[in-house]
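Below: upload_17.cif (mmCIF, C-alpha atoms)
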data_query
loop_
_atom_site.label_atom_id
_atom_site.label_comp_id
_atom_site.auth_asym_id
_atom_site.auth_seq_id
_atom_site.Cartn_x
_atom_site.Cartn_y
_atom_site.Cartn_z
CA MET B 1 51.47 -19.37 11.35
CA SER B 2 49.28 -18.36 8.47
CA LEU B 3 46.60 -16.76 10.68
CA TYR B 4 49.45 -14.87 12.29
CA ASN B 5 50.40 -13.48 8.88
CA THR B 6 46.82 -12.52 8.07
CA GLN B 7 46.56 -10.64 11.33
CA LYS B 8 49.91 -8.99 10.76
CA PHE B 9 48.77 -7.77 7.34
CA LEU B 10 45.73 -6.18 8.98
CA TYR B 11 47.69 -4.86 11.97
CA GLU B 12 50.05 -2.99 9.67
CA LEU B 13 47.23 -1.78 7.46
CA ASN B 14 45.19 -0.52 10.40
CA ARG B 15 47.95 1.54 11.99
CA ASP B 16 50.01 2.80 9.05
CA GLU B 17 48.74 5.41 6.61
CA ALA B 18 51.54 4.51 4.18
CA ALA B 19 50.30 0.91 4.15
CA GLN B 20 46.78 2.22 3.58
CA ALA B 21 48.04 4.18 0.58
CA ARG B 22 49.73 1.04 -0.79
CA TYR B 23 46.49 -0.87 -0.19
CA ARG B 24 44.62 1.58 -2.38
CA ALA B 25 47.34 1.84 -5.03
CA ASP B 26 48.35 -1.82 -5.42
CA LEU B 27 46.58 -4.29 -3.17
CA GLU B 28 48.11 -7.29 -4.94
CA ALA B 29 51.63 -6.11 -4.19
CA LEU B 30 50.75 -5.57 -0.56
CA ILE B 31 49.20 -9.03 -0.27
CA GLY B 32 52.21 -10.51 -2.04
CA GLY B 33 54.45 -9.41 0.79
CA PHE B 34 52.83 -11.86 3.20
CA ASP B 35 52.91 -15.66 3.29
CA LEU B 36 49.17 -16.34 3.04
CA THR B 37 46.97 -19.19 1.88
CA ASP B 38 44.72 -18.67 -1.13
CA GLU B 39 41.72 -18.54 1.21
CA GLU B 40 43.32 -15.80 3.28
CA SER B 41 44.48 -13.82 0.23
CA ASN B 42 41.02 -13.95 -1.26
CA ALA B 43 39.43 -12.86 2.00
CA LEU B 44 41.70 -9.84 2.12
CA ARG B 45 41.23 -9.13 -1.58
CA GLU B 46 37.45 -9.14 -1.21
CA GLY B 47 37.24 -7.60 2.26
CA ASP B 48 35.39 -10.70 3.40
CA ILE B 49 34.73 -9.77 7.04
CA GLY B 50 32.76 -12.96 7.68
CA LEU B 51 35.54 -15.28 6.54
CA LEU B 52 38.27 -13.32 8.32
CA TYR B 53 36.19 -13.53 11.50
CA VAL B 54 35.77 -17.29 11.12
CA LEU B 55 39.48 -17.74 10.40
CA GLY B 56 40.13 -16.31 13.85
CA VAL B 57 41.35 -12.78 13.23
CA ASN B 58 41.32 -10.96 16.56
CA GLY B 59 38.13 -8.93 16.82
CA GLN B 60 39.89 -5.70 17.63
CA ILE B 61 42.01 -6.00 14.50
CA LEU B 62 38.96 -6.94 12.46
CA MET B 63 36.87 -4.08 13.85
CA HIS B 64 39.48 -1.49 12.91
CA TYR B 65 39.77 -3.04 9.44
CA ALA B 66 36.00 -2.87 8.97
CA ALA B 67 36.10 0.80 9.97
CA PHE B 68 38.89 1.34 7.42
CA LEU B 69 36.69 -0.25 4.78
CA GLY B 70 33.87 2.12 5.74
CA ILE B 71 31.51 -0.64 6.87
CA GLU B 72 28.71 0.65 9.09
CA TRP B 73 28.46 -0.80 12.61
CA PHE B 74 25.37 -2.98 12.22
CA ASP B 75 26.51 -4.17 8.79
CA TYR B 76 29.81 -5.21 10.36
CA LEU B 77 27.99 -7.27 13.01
CA ASP B 78 25.75 -8.81 10.33
CA GLN B 79 28.73 -9.70 8.15
CA MET B 80 30.32 -11.63 11.02
CA ARG B 81 27.04 -13.50 11.60
CA ALA B 82 26.81 -14.25 7.88
CA GLY B 83 30.36 -15.58 8.02
CA ILE B 84 29.41 -18.04 10.75
CA GLU B 85 26.41 -19.16 8.72
CA LYS B 86 28.47 -19.64 5.56
CA TYR B 87 31.79 -20.96 6.87
CA GLY B 88 30.97 -22.42 10.28
CA PRO B 89 32.19 -21.57 13.80
CA VAL B 90 35.21 -19.40 14.53
CA ARG B 91 38.26 -21.61 14.12
CA ALA B 92 40.80 -19.91 16.40
CA GLY B 93 41.35 -17.19 18.96
CA VAL B 94 39.20 -15.74 21.74
CA TYR B 95 36.63 -13.79 19.74
CA ALA B 96 34.18 -16.63 19.16
CA MET B 97 30.46 -15.92 18.91
CA THR B 98 28.72 -17.10 22.09
CA GLY B 99 25.17 -15.91 21.67
CA GLY B 100 23.79 -17.87 18.74
CA GLY B 101 23.77 -14.85 16.49
CA GLU B 102 21.11 -12.75 18.19
CA SER B 103 21.54 -9.04 18.75
CA PHE B 104 22.43 -7.82 22.24
CA THR B 105 21.77 -4.19 21.48
CA THR B 106 18.35 -2.68 21.99
CA GLU B 107 19.35 -0.09 19.48
CA GLY B 108 19.18 -0.84 15.78
CA LYS B 109 19.73 0.57 12.36
CA GLU B 110 16.48 2.47 12.60
CA SER B 111 17.51 4.23 15.84
CA MET C 1 53.43 12.44 47.70
CA SER C 2 53.08 13.30 44.07
CA LEU C 3 50.26 11.01 42.97
CA VAL C 4 47.34 13.41 43.17
CA TYR C 5 44.46 11.54 41.51
CA ALA C 6 43.51 7.95 40.66
CA GLY C 7 40.44 6.81 38.79
CA VAL C 8 39.03 4.44 36.21
CA LEU C 9 36.78 4.83 33.21
CA SER C 10 35.50 2.97 30.17
CA HIS C 11 36.99 3.46 26.73
CA ALA C 12 34.84 1.58 24.19
CA PRO C 13 34.81 3.17 20.73
CA GLY C 14 31.03 3.32 20.64
CA ILE C 15 31.10 5.87 23.48
CA THR C 16 32.05 8.51 20.93
CA GLY C 17 31.53 6.74 17.61
CA ARG C 18 27.96 5.58 18.18
CA ALA C 19 26.75 8.33 20.51
CA ASP C 20 23.93 9.23 18.14
CA LEU C 21 22.62 5.62 18.17
CA ALA C 22 22.06 5.47 21.93
CA LYS C 23 18.38 5.04 22.69
CA ASN C 24 18.59 6.16 26.30
CA THR C 25 19.93 9.65 25.76
CA VAL C 26 19.29 10.63 29.39
CA LEU C 27 21.56 7.87 30.68
CA ARG C 28 24.08 8.56 27.92
CA ASP C 29 24.29 12.18 28.98
CA GLU C 30 24.58 11.21 32.66
CA PHE C 31 27.57 9.08 31.67
CA TYR C 32 29.11 11.97 29.76
CA ALA C 33 28.49 14.24 32.77
CA ALA C 34 30.30 11.78 35.05
CA LEU C 35 33.24 11.79 32.65
CA ASP C 36 33.26 15.57 32.70
CA GLN C 37 33.20 15.48 36.49
CA GLN C 38 36.25 13.25 36.31
CA ARG C 39 37.93 15.82 34.07
CA GLN C 40 37.21 18.54 36.60
CA GLU C 41 38.58 16.45 39.45
CA ILE C 42 41.80 15.79 37.57
CA GLU C 43 42.14 19.49 36.80
CA ALA C 44 41.43 20.41 40.43
CA SER C 45 44.14 18.00 41.56
CA GLY C 46 46.74 20.21 39.90
CA ALA C 47 48.08 17.29 37.90
CA GLU C 48 50.95 18.22 35.60
CA ALA C 49 50.74 14.95 33.69
CA LEU C 50 48.23 12.14 33.27
CA ILE C 51 49.20 8.48 33.16
CA VAL C 52 46.69 6.47 31.14
CA VAL C 53 46.89 2.74 31.88
CA ALA C 54 45.25 1.25 28.84
CA ALA C 55 44.60 -2.06 27.16
CA GLU C 56 45.49 -1.15 23.63
CA HIS C 57 44.08 -2.94 20.61
CA PHE C 58 46.99 -3.63 18.27
CA ALA C 59 47.87 -0.04 17.52
CA ASN C 60 51.51 -0.53 18.53
CA PHE C 61 52.10 -4.01 19.82
CA PHE C 62 51.68 -7.28 17.96
CA MET C 63 52.45 -10.91 18.58
CA ASN C 64 55.92 -10.49 17.05
CA ASN C 65 57.13 -8.74 20.19
CA MET C 66 54.35 -8.32 22.73
CA PRO C 67 55.27 -6.68 26.02
CA ALA C 68 53.20 -7.52 29.08
CA TYR C 69 53.74 -3.93 30.23
CA CYS C 70 54.97 -0.87 28.40
CA ILE C 71 55.36 2.82 29.28
CA GLY C 72 55.52 5.60 26.68
CA ILE C 73 58.49 7.91 27.13
CA GLY C 74 57.94 10.04 24.04
CA ASP C 75 57.38 13.79 23.89
CA ARG C 76 54.53 13.57 21.40
CA TYR C 77 52.00 11.00 20.27
CA GLU C 78 49.42 10.77 17.55
CA GLY C 79 45.96 9.30 17.25
CA PRO C 80 43.52 7.90 16.68
CA ILE C 81 44.68 5.17 14.31
CA GLU C 82 41.05 4.44 13.50
CA ASP C 83 39.01 6.14 10.81
CA PRO C 84 38.16 9.46 12.52
CA ASP C 85 34.68 9.45 11.01
CA TRP C 86 34.05 6.03 12.59
CA LEU C 87 35.38 7.00 16.01
CA LYS C 88 34.17 10.60 15.70
CA ILE C 89 37.45 11.86 17.08
CA ALA C 90 39.68 13.88 14.74
CA LYS C 91 43.27 12.85 14.17
CA THR C 92 45.56 14.95 16.34
CA PHE C 93 48.85 15.11 18.18
CA VAL C 94 48.96 14.71 21.95
CA PRO C 95 51.77 16.05 24.14
CA GLY C 96 53.85 13.50 26.04
CA ALA C 97 56.02 13.90 29.13
CA GLY C 98 59.16 12.12 28.02
CA ASP C 99 61.55 13.10 30.79
CA LEU C 100 59.03 12.47 33.57
CA ALA C 101 57.98 9.18 31.99
CA ALA C 102 61.60 8.03 31.76
CA ARG C 103 62.12 8.75 35.46
CA ILE C 104 58.95 6.87 36.33
CA THR C 105 60.05 3.96 34.15
CA ARG C 106 63.43 3.78 35.87
CA GLU C 107 61.73 3.52 39.25
CA VAL C 108 59.19 0.95 38.07
CA MET C 109 62.06 -1.19 36.75
CA HIS C 110 63.22 -1.87 40.29
CA THR C 111 60.36 -4.36 40.64
CA VAL C 112 58.74 -4.79 37.21
CA ASP C 113 60.58 -5.53 33.97
CA VAL C 114 58.58 -3.00 32.00
CA ALA C 115 59.20 -2.22 28.33
CA TYR C 116 59.28 1.34 27.11
CA ALA C 117 58.53 3.06 23.80
CA GLU C 118 59.28 6.49 22.38
CA GLU C 119 56.80 5.88 19.55
CA TRP C 120 53.17 5.26 20.32
CA LYS C 121 50.03 5.60 18.26
CA PHE C 122 46.85 5.97 20.28
CA ASP C 123 43.77 3.93 19.44
CA HIS C 124 40.29 4.31 20.91
CA GLY C 125 41.54 2.84 24.18
CA ILE C 126 43.32 6.10 24.95
CA MET C 127 41.66 8.56 22.56
CA VAL C 128 38.14 8.06 23.94
CA PRO C 129 39.25 8.81 27.52
CA LEU C 130 41.30 11.82 26.37
CA ASN C 131 38.32 13.09 24.39
CA PHE C 132 36.54 13.58 27.73
CA LEU C 133 39.39 14.14 30.20
CA THR C 134 41.61 16.51 28.22
CA PRO C 135 39.48 17.62 25.30
CA LEU C 136 41.95 20.37 24.36
CA TYR C 137 44.88 17.89 24.53
CA ASP C 138 46.75 20.34 26.73
CA LEU C 139 47.78 17.95 29.53
CA PRO C 140 50.94 15.87 28.92
CA ILE C 141 50.10 12.19 28.68
CA ILE C 142 52.12 9.15 29.72
CA PRO C 143 50.61 6.14 27.97
CA VAL C 144 50.95 2.80 29.67
CA ASN C 145 49.85 -0.50 28.24
CA ILE C 146 48.98 -3.82 29.76
CA ASN C 147 48.54 -6.57 27.20
CA CYS C 148 44.93 -7.66 27.60
CA GLN C 149 44.36 -8.70 23.97
CA GLY C 150 46.87 -11.28 22.86
CA PRO C 151 47.24 -14.26 25.25
CA PRO C 152 49.35 -15.32 27.07
CA LEU C 153 48.41 -12.49 29.44
CA THR C 154 50.12 -11.24 32.56
CA PRO C 155 48.82 -12.83 35.80
CA LEU C 156 46.65 -10.59 37.99
CA PRO C 157 49.13 -10.48 40.89
CA ARG C 158 51.65 -9.02 38.46
CA ALA C 159 49.14 -6.35 37.42
CA TRP C 160 48.75 -5.52 41.10
CA ALA C 161 52.54 -5.35 41.53
CA PHE C 162 52.72 -3.10 38.49
CA GLY C 163 50.24 -0.72 40.11
CA GLU C 164 52.29 -0.64 43.29
CA ALA C 165 55.39 0.08 41.23
CA LEU C 166 53.66 2.93 39.42
CA ARG C 167 52.58 4.40 42.76
CA ARG C 168 56.10 4.21 44.14
CA ALA C 169 57.42 5.81 40.97
CA CYS C 170 54.88 8.63 41.05
CA ASP C 171 55.74 9.32 44.67
CA SER C 172 59.43 9.54 43.79
CA VAL C 173 59.08 12.49 41.40
CA PRO C 174 58.38 16.12 42.32
CA GLU C 175 55.69 16.60 39.69
CA LYS C 176 52.02 16.15 40.47
CA VAL C 177 50.79 13.11 38.56
CA ALA C 178 47.28 11.80 37.95
CA ILE C 179 46.57 8.23 36.85
CA VAL C 180 43.56 6.63 35.24
CA GLY C 181 42.94 3.07 34.19
CA THR C 182 40.76 2.48 31.20
CA GLY C 183 39.17 -0.79 30.26
CA GLY C 184 36.03 -2.78 30.23
CA ILE C 185 34.59 -5.18 32.74
CA SER C 186 32.43 -7.94 31.21
CA HIS C 187 31.91 -7.42 27.50
CA TRP C 188 32.18 -9.22 24.18
CA PRO C 189 33.38 -6.38 21.95
CA ALA C 190 34.02 -6.67 18.24
CA THR C 191 31.99 -9.87 17.97
CA PRO C 192 28.37 -10.48 16.90
CA ASP C 193 27.67 -10.51 20.67
CA SER C 194 28.59 -6.82 20.96
CA GLY C 195 26.28 -5.28 23.56
CA LYS C 196 26.23 -8.39 25.72
CA ILE C 197 27.03 -7.41 29.32
CA ASN C 198 27.00 -9.56 32.46
CA GLU C 199 25.76 -6.90 34.86
CA ALA C 200 25.86 -9.13 37.95
CA TRP C 201 29.48 -10.02 37.22
CA ASP C 202 30.31 -6.36 36.69
CA ARG C 203 28.69 -5.25 39.93
CA ASP C 204 30.44 -7.97 41.91
CA PHE C 205 33.79 -6.98 40.41
CA LEU C 206 33.14 -3.29 41.08
CA ASP C 207 32.24 -4.09 44.69
CA ARG C 208 35.60 -5.82 45.14
CA LEU C 209 37.33 -2.95 43.34
CA MET C 210 35.70 -0.20 45.41
CA ARG C 211 36.58 -2.06 48.61
CA ASN C 212 40.09 -2.32 47.18
CA ASP C 213 40.10 -5.90 48.38
CA ARG C 214 43.29 -7.35 46.98
CA ALA C 215 42.47 -10.97 47.86
CA ALA C 216 39.03 -10.73 46.26
CA LEU C 217 40.45 -9.04 43.16
CA MET C 218 43.07 -11.74 42.75
CA ASP C 219 40.39 -14.43 42.92
CA TYR C 220 39.75 -14.56 39.18
CA ASP C 221 41.24 -16.82 36.56
CA ASP C 222 41.21 -16.08 32.86
CA GLU C 223 39.36 -19.23 31.84
CA LYS C 224 36.44 -18.45 34.12
CA THR C 225 36.55 -14.76 33.26
CA TYR C 226 36.37 -15.69 29.58
CA GLN C 227 33.31 -17.85 30.19
CA GLU C 228 31.47 -15.35 32.38
CA ALA C 229 32.75 -11.97 31.21
CA GLY C 230 34.02 -12.55 27.70
CA GLN C 231 37.41 -11.75 26.24
CA GLY C 232 36.75 -8.13 27.12
CA GLY C 233 36.85 -9.15 30.78
CA PHE C 234 40.60 -9.61 30.48
CA GLU C 235 40.81 -5.81 30.67
CA ILE C 236 40.09 -5.87 34.43
CA ARG C 237 43.87 -5.79 34.68
CA THR C 238 43.88 -2.03 34.07
CA PHE C 239 41.37 -1.39 36.86
CA ILE C 240 43.23 -3.67 39.26
CA THR C 241 46.47 -1.84 38.55
CA ILE C 242 44.84 1.47 39.50
CA ALA C 243 43.42 0.03 42.73
CA ALA C 244 46.91 -1.11 43.68
CA ALA C 245 48.38 2.28 42.80
CA ALA C 246 45.75 4.18 44.76
CA GLY C 247 45.83 2.08 47.90
CA GLY C 248 42.55 3.50 49.21
CA LEU C 249 38.86 2.88 48.86
CA GLY C 250 37.04 3.55 45.65
CA GLU C 251 33.96 5.64 44.97
CA LEU C 252 31.78 4.43 42.13
CA GLN C 253 30.48 7.56 40.42
CA LEU C 254 28.57 5.84 37.63
CA TYR C 255 27.90 2.36 36.33
CA THR C 256 25.25 1.36 33.85
CA ALA C 257 24.65 -1.68 31.69
CA GLU C 258 21.81 0.12 29.94
CA LEU C 259 23.79 1.53 27.03
CA PRO C 260 24.47 -1.65 25.03
CA ILE C 261 25.24 0.29 21.86
CA PHE C 262 28.46 1.28 23.64
CA ALA C 263 29.23 -2.47 24.00
CA VAL C 264 30.37 -2.22 27.62
CA GLY C 265 29.06 -1.48 31.08
CA CYS C 266 29.89 2.21 31.31
CA THR C 267 31.96 2.99 34.39
CA VAL C 268 33.45 6.04 36.11
CA ALA C 269 35.11 5.79 39.54
CA LYS C 270 37.81 7.37 41.65
CA PHE C 271 39.96 6.20 44.55
CA SER C 272 41.28 7.74 47.71
CA LEU C 273 45.03 7.85 47.83
CA ASP C 274 45.97 6.04 50.98
CA SER C 275 49.61 5.30 51.55
CA ALA C 276 50.89 2.83 49.02
CA SER C 277 51.33 -0.63 50.48
#
When written as structure tokens, how does the structure in this file appear?
Amino acid sequence: MSLYNTQKFLYELNRDEAAQARYRADLEALIGGFDLTDEESNALREGDIGLLYVLGVNGQILMHYAAFLGIEWFDYLDQMRAGIEKYGPVRAGVYAMTGGGESFTTEGKES
Amino acid sequence: MSLVYAGVLSHAPGITGRADLAKNTVLRDEFYAALDQQRQEIEASGAEALIVVAAEHFANFFMNNMPAYCIGIGDRYEGPIEDPDWLKIAKTFVPGAGDLAARITREVMHTVDVAYAEEWKFDHGIMVPLNFLTPLYDLPIIPVNINCQGPPLTPLPRAWAFGEALRRACDSVPEKVAIVGTGGISHWPATPDSGKINEAWDRDFLDRLMRNDRAALMDYDDEKTYQEAGQGGFEIRTFITIAAAAGGLGELQLYTAELPIFAVGCTVAKFSLDSAS
């Protein structure tokens, strides 16, 4: 249920400009409105893309959140890889990493 | 007969958001040209409204109340929900076709228990197609969603039945209606594997789709699709729905797996509109 709440926090943040304003004005109050574990709260507090990915947040929700945070595309991919390295495999959901961490794009930051 | 156009296209956010990162600019521009051709064909059809069968990404629907199918019956929508600088599509309002959509929904309900919504925020799944197909946002849109993101997902035969219901509904109204399905084939979007594409799987699926071979299109199961085509492969439901709505053979206008920065095999196709089965 807790992953559900983490995803719901991000779902509401991603789609609602009023929630985005509350995020910027008082993040603690926004987080306090959801039943989250300390690990989940900290991940949201710190914008820890890698941990949220490992916890099993749906990739589409996570991608929109990363865009909201202003994280560049290749940095976003790298942060997910770093999360796997630090916290282990994805624990839930259907957005697991299958490729061992290599890049599947021929394009890169230098493109 | 009031269905006047049926087609499919890709919708990945990189198509607009990461356009400047594409290495193969020739192929990228060929893809954009195929999308513009699709725009011209929809315009030439005389369509008064465009149904967009999408696989939205948690812009409106969440696991607290997830419909398998939903039709938008509002008169106006807004989008994108994403950071416009990231998607490179400015926030805007898009006209709906509330009355027409409500009549279509009523007809669909005879065979499919579809949900409806007067509020709908568009994400990249609809905004990227509209960016190419109605760049001035001057064609009324009827958004339709098939849940392809949050399992449990609707079985493929139900997606087919939904397409047949949409066709019957379009043929029951006097307005000229176009329909497009937007989704990916094999892809692993929003993961570190972004850019991974199973081209052989895609081409086999597209062959079945262009033949409009119902039996072959139903011969997928989600577990195998997940293994071979990734979680993005679940979005084949939108393409299958359009094949069922069209009833006729498809014409593949463009497919390429050579733009991995877009994170999907880029696809544009149209169907002939044989009598609905």
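Taking atom CA of C:Arg28 and atom CA of C:Gly248 as the two end points, the separation is 28.6 Å.
In this model, the gap between atom CA of C:Asn212 and atom CA of C:Ile73 comes to 29.1 Å.
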Point to revise | Using only C-alpha atoms: which of C:Gly181, C:Gly7, C:Gly230, C:Pro140 has the shortest distance to C:Glu251 | key: C:Gly7
Point to revise | Interface residues on chain B facing chain C, 10 Å, only C-alpha atoms, written as number ranges by chain | key: B: 4, 7-8, 10-12, 14-17, 53, 58-74, 76-82, 84, 93-111
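Across the model, the gap from atom CA of B:Arg22 to atom CA of B:Thr37 is 20.6 Å.
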Review point. Taking into account only C-alpha atoms, which residue in the set B:Arg45, B:Phe9, B:Glu39, B:Arg91 is nearest to B:Asp26?
Key: B:Arg45
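When the distance limit is 10 Å and all atoms listed in the file are what count, the residues near C:Ala178, minus those fewer than 6 positions from it on the same chain, are Ser2, Leu3, Val4, Tyr5, Ala6, Gly7, Glu41, Ile42, Glu43, Ser45, Gly46, Ala47, Glu48, Ala49, Leu50, Ile51, Val52, Ile141, Ile142 and Cys170 of chain C.
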Practice item. Translate the PyMOL selection byres ((chain C and resi 72) around 12), as applied to the file shown, into an explicit residue set as a VMD selection string. Key: chain C and resid 50 to 54 60 69 to 71 73 to 77 95 to 105 114 to 122 140 to 146
Point to revise | For B:Leu27: contacts at 12 Å, all atoms listed in the file, fewer than 3 positions along chain excluded, given as a ChimeraX atom specification | key: /B:9,13,19-24,30-34,41-42,44-47
Just write the chosen residues, C-alpha atoms, as a PDB file, in the frame of the given file.
ATOM      1  CA  PHE B   9      48.770  -7.770   7.340  1.00  0.00           C
ATOM      2  CA  LEU B  13      47.230  -1.780   7.460  1.00  0.00           C
ATOM      3  CA  ALA B  19      50.300   0.910   4.150  1.00  0.00           C
ATOM      4  CA  GLN B  20      46.780   2.220   3.580  1.00  0.00           C
ATOM      5  CA  ALA B  21      48.040   4.180   0.580  1.00  0.00           C
ATOM      6  CA  ARG B  22      49.730   1.040  -0.790  1.00  0.00           C
ATOM      7  CA  TYR B  23      46.490  -0.870  -0.190  1.00  0.00           C
ATOM      8  CA  ARG B  24      44.620   1.580  -2.380  1.00  0.00           C
ATOM      9  CA  LEU B  30      50.750  -5.570  -0.560  1.00  0.00           C
ATOM     10  CA  ILE B  31      49.200  -9.030  -0.270  1.00  0.00           C
ATOM     11  CA  GLY B  32      52.210 -10.510  -2.040  1.00  0.00           C
ATOM     12  CA  GLY B  33      54.450  -9.410   0.790  1.00  0.00           C
ATOM     13  CA  PHE B  34      52.830 -11.860   3.200  1.00  0.00           C
ATOM     14  CA  SER B  41      44.480 -13.820   0.230  1.00  0.00           C
ATOM     15  CA  ASN B  42      41.020 -13.950  -1.260  1.00  0.00           C
ATOM     16  CA  LEU B  44      41.700  -9.840   2.120  1.00  0.00           C
ATOM     17  CA  ARG B  45      41.230  -9.130  -1.580  1.00  0.00           C
ATOM     18  CA  GLU B  46      37.450  -9.140  -1.210  1.00  0.00           C
ATOM     19  CA  GLY B  47      37.240  -7.600   2.260  1.00  0.00           C
TER      20      GLY B  47
END
Review point. What does the PyMOL selection byres ((chain C and resi 30-38) around 7) select in this file, as a VMD selection string?
Key: chain C and resid 26 to 29 39 to 42 132 to 133 253 to 254 268
Can I get the selected residues back with C-alpha atoms, as a CSV table (one decimal), in the coordinates of the input?
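Result written to again39.csv:
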chain,number,residue,atom,x,y,z
C,26,VAL,CA,19.3,10.6,29.4
C,27,LEU,CA,21.6,7.9,30.7
C,28,ARG,CA,24.1,8.6,27.9
C,29,ASP,CA,24.3,12.2,29.0
C,39,ARG,CA,37.9,15.8,34.1
C,40,GLN,CA,37.2,18.5,36.6
C,41,GLU,CA,38.6,16.4,39.4
C,42,ILE,CA,41.8,15.8,37.6
C,132,PHE,CA,36.5,13.6,27.7
C,133,LEU,CA,39.4,14.1,30.2
C,253,GLN,CA,30.5,7.6,40.4
C,254,LEU,CA,28.6,5.8,37.6
C,268,VAL,CA,33.4,6.0,36.1
Any idea what's packed within 9 Å of B:Glu40, counting all atoms listed in the file, ignoring anything in its chain fewer than 5 positions away? Could you give it as a PDB file with C-alpha atoms, keeping the file's coordinate frame?
ATOM      1  CA  SER B   2      49.280 -18.360   8.470  1.00  0.00           C
ATOM      2  CA  LEU B   3      46.600 -16.760  10.680  1.00  0.00           C
ATOM      3  CA  THR B   6      46.820 -12.520   8.070  1.00  0.00           C
ATOM      4  CA  ARG B  45      41.230  -9.130  -1.580  1.00  0.00           C
ATOM      5  CA  LEU B  51      35.540 -15.280   6.540  1.00  0.00           C
ATOM      6  CA  LEU B  52      38.270 -13.320   8.320  1.00  0.00           C
ATOM      7  CA  LEU B  55      39.480 -17.740  10.400  1.00  0.00           C
TER       8      LEU B  55
END
Exercise for review: Please provide the set of residues having any atom within 12 Å of C:Thr111, restricted to all atoms listed in the file, with same-chain residues fewer than 5 positions apart removed, written as a VMD selection string.
Suggested key: chain C and resid 105 to 106 158 to 169
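Closest approach to C:Asp213 from the set C:Gly247, C:His11, C:Lys88, C:Gly233 is made by C:Gly247, with distances taken over only C-alpha atoms.
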Check what the PyMOL selection byres ((chain C and resi 136) around 12) selects in the file above and give those residues as an mmCIF file with C-alpha atoms, in the coordinates of the input.
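What ended up in result.cif:
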data_model
loop_
_atom_site.group_PDB
_atom_site.id
_atom_site.type_symbol
_atom_site.label_atom_id
_atom_site.label_comp_id
_atom_site.auth_asym_id
_atom_site.auth_seq_id
_atom_site.Cartn_x
_atom_site.Cartn_y
_atom_site.Cartn_z
ATOM 1 C CA ARG C 39 37.930 15.820 34.070
ATOM 2 C CA ALA C 90 39.680 13.880 14.740
ATOM 3 C CA THR C 92 45.560 14.950 16.340
ATOM 4 C CA PHE C 93 48.850 15.110 18.180
ATOM 5 C CA VAL C 94 48.960 14.710 21.950
ATOM 6 C CA PRO C 95 51.770 16.050 24.140
ATOM 7 C CA MET C 127 41.660 8.560 22.560
ATOM 8 C CA LEU C 130 41.300 11.820 26.370
ATOM 9 C CA ASN C 131 38.320 13.090 24.390
ATOM 10 C CA PHE C 132 36.540 13.580 27.730
ATOM 11 C CA LEU C 133 39.390 14.140 30.200
ATOM 12 C CA THR C 134 41.610 16.510 28.220
ATOM 13 C CA PRO C 135 39.480 17.620 25.300
ATOM 14 C CA TYR C 137 44.880 17.890 24.530
ATOM 15 C CA ASP C 138 46.750 20.340 26.730
ATOM 16 C CA LEU C 139 47.780 17.950 29.530
ATOM 17 C CA PRO C 140 50.940 15.870 28.920
#
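Proximity of C:Leu156, C:Ala229, C:Ala44, C:Val8 to C:Asn198, computed with all atoms listed in the file, is greatest for C:Ala229.
Closest approach to C:Gly265 among C:Glu78, C:Leu206, C:Val112, C:Val177 is made by C:Leu206 (distances from all atoms listed in the file).
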Would you fill the gaps in stretch 2-11 of chain B so it has N, CA and C atoms, then print it as a PDB file, keeping the file's coordinate frame?
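Everything below was put into selection12.pdb:
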ATOM      1  N   SER B   2      49.894 -19.120   9.542  1.00  0.00           N
ATOM      2  CA  SER B   2      49.280 -18.360   8.470  1.00  0.00           C
ATOM      3  C   SER B   2      48.275 -17.336   9.012  1.00  0.00           C
ATOM      4  N   LEU B   3      47.504 -17.722  10.047  1.00  0.00           N
ATOM      5  CA  LEU B   3      46.600 -16.760  10.680  1.00  0.00           C
ATOM      6  C   LEU B   3      47.399 -15.597  11.244  1.00  0.00           C
ATOM      7  N   TYR B   4      48.554 -15.923  11.783  1.00  0.00           N
ATOM      8  CA  TYR B   4      49.450 -14.870  12.290  1.00  0.00           C
ATOM      9  C   TYR B   4      49.744 -13.866  11.172  1.00  0.00           C
ATOM     10  N   ASN B   5      50.059 -14.370   9.991  1.00  0.00           N
ATOM     11  CA  ASN B   5      50.400 -13.480   8.880  1.00  0.00           C
ATOM     12  C   ASN B   5      49.194 -12.650   8.433  1.00  0.00           C
ATOM     13  N   THR B   6      48.030 -13.258   8.427  1.00  0.00           N
ATOM     14  CA  THR B   6      46.820 -12.520   8.070  1.00  0.00           C
ATOM     15  C   THR B   6      46.589 -11.373   9.046  1.00  0.00           C
ATOM     16  N   GLN B   7      46.753 -11.680  10.311  1.00  0.00           N
ATOM     17  CA  GLN B   7      46.560 -10.640  11.330  1.00  0.00           C
ATOM     18  C   GLN B   7      47.638  -9.567  11.219  1.00  0.00           C
ATOM     19  N   LYS B   8      48.841  -9.983  10.866  1.00  0.00           N
ATOM     20  CA  LYS B   8      49.910  -8.990  10.760  1.00  0.00           C
ATOM     21  C   LYS B   8      49.656  -8.047   9.582  1.00  0.00           C
ATOM     22  N   PHE B   9      49.157  -8.604   8.491  1.00  0.00           N
ATOM     23  CA  PHE B   9      48.770  -7.770   7.340  1.00  0.00           C
ATOM     24  C   PHE B   9      47.788  -6.696   7.810  1.00  0.00           C
ATOM     25  N   LEU B  10      46.774  -7.112   8.544  1.00  0.00           N
ATOM     26  CA  LEU B  10      45.730  -6.180   8.980  1.00  0.00           C
ATOM     27  C   LEU B  10      46.243  -5.220  10.051  1.00  0.00           C
ATOM     28  N   TYR B  11      47.077  -5.712  10.936  1.00  0.00           N
ATOM     29  CA  TYR B  11      47.690  -4.860  11.970  1.00  0.00           C
ATOM     30  C   TYR B  11      48.451  -3.706  11.316  1.00  0.00           C
TER      31      TYR B  11
END
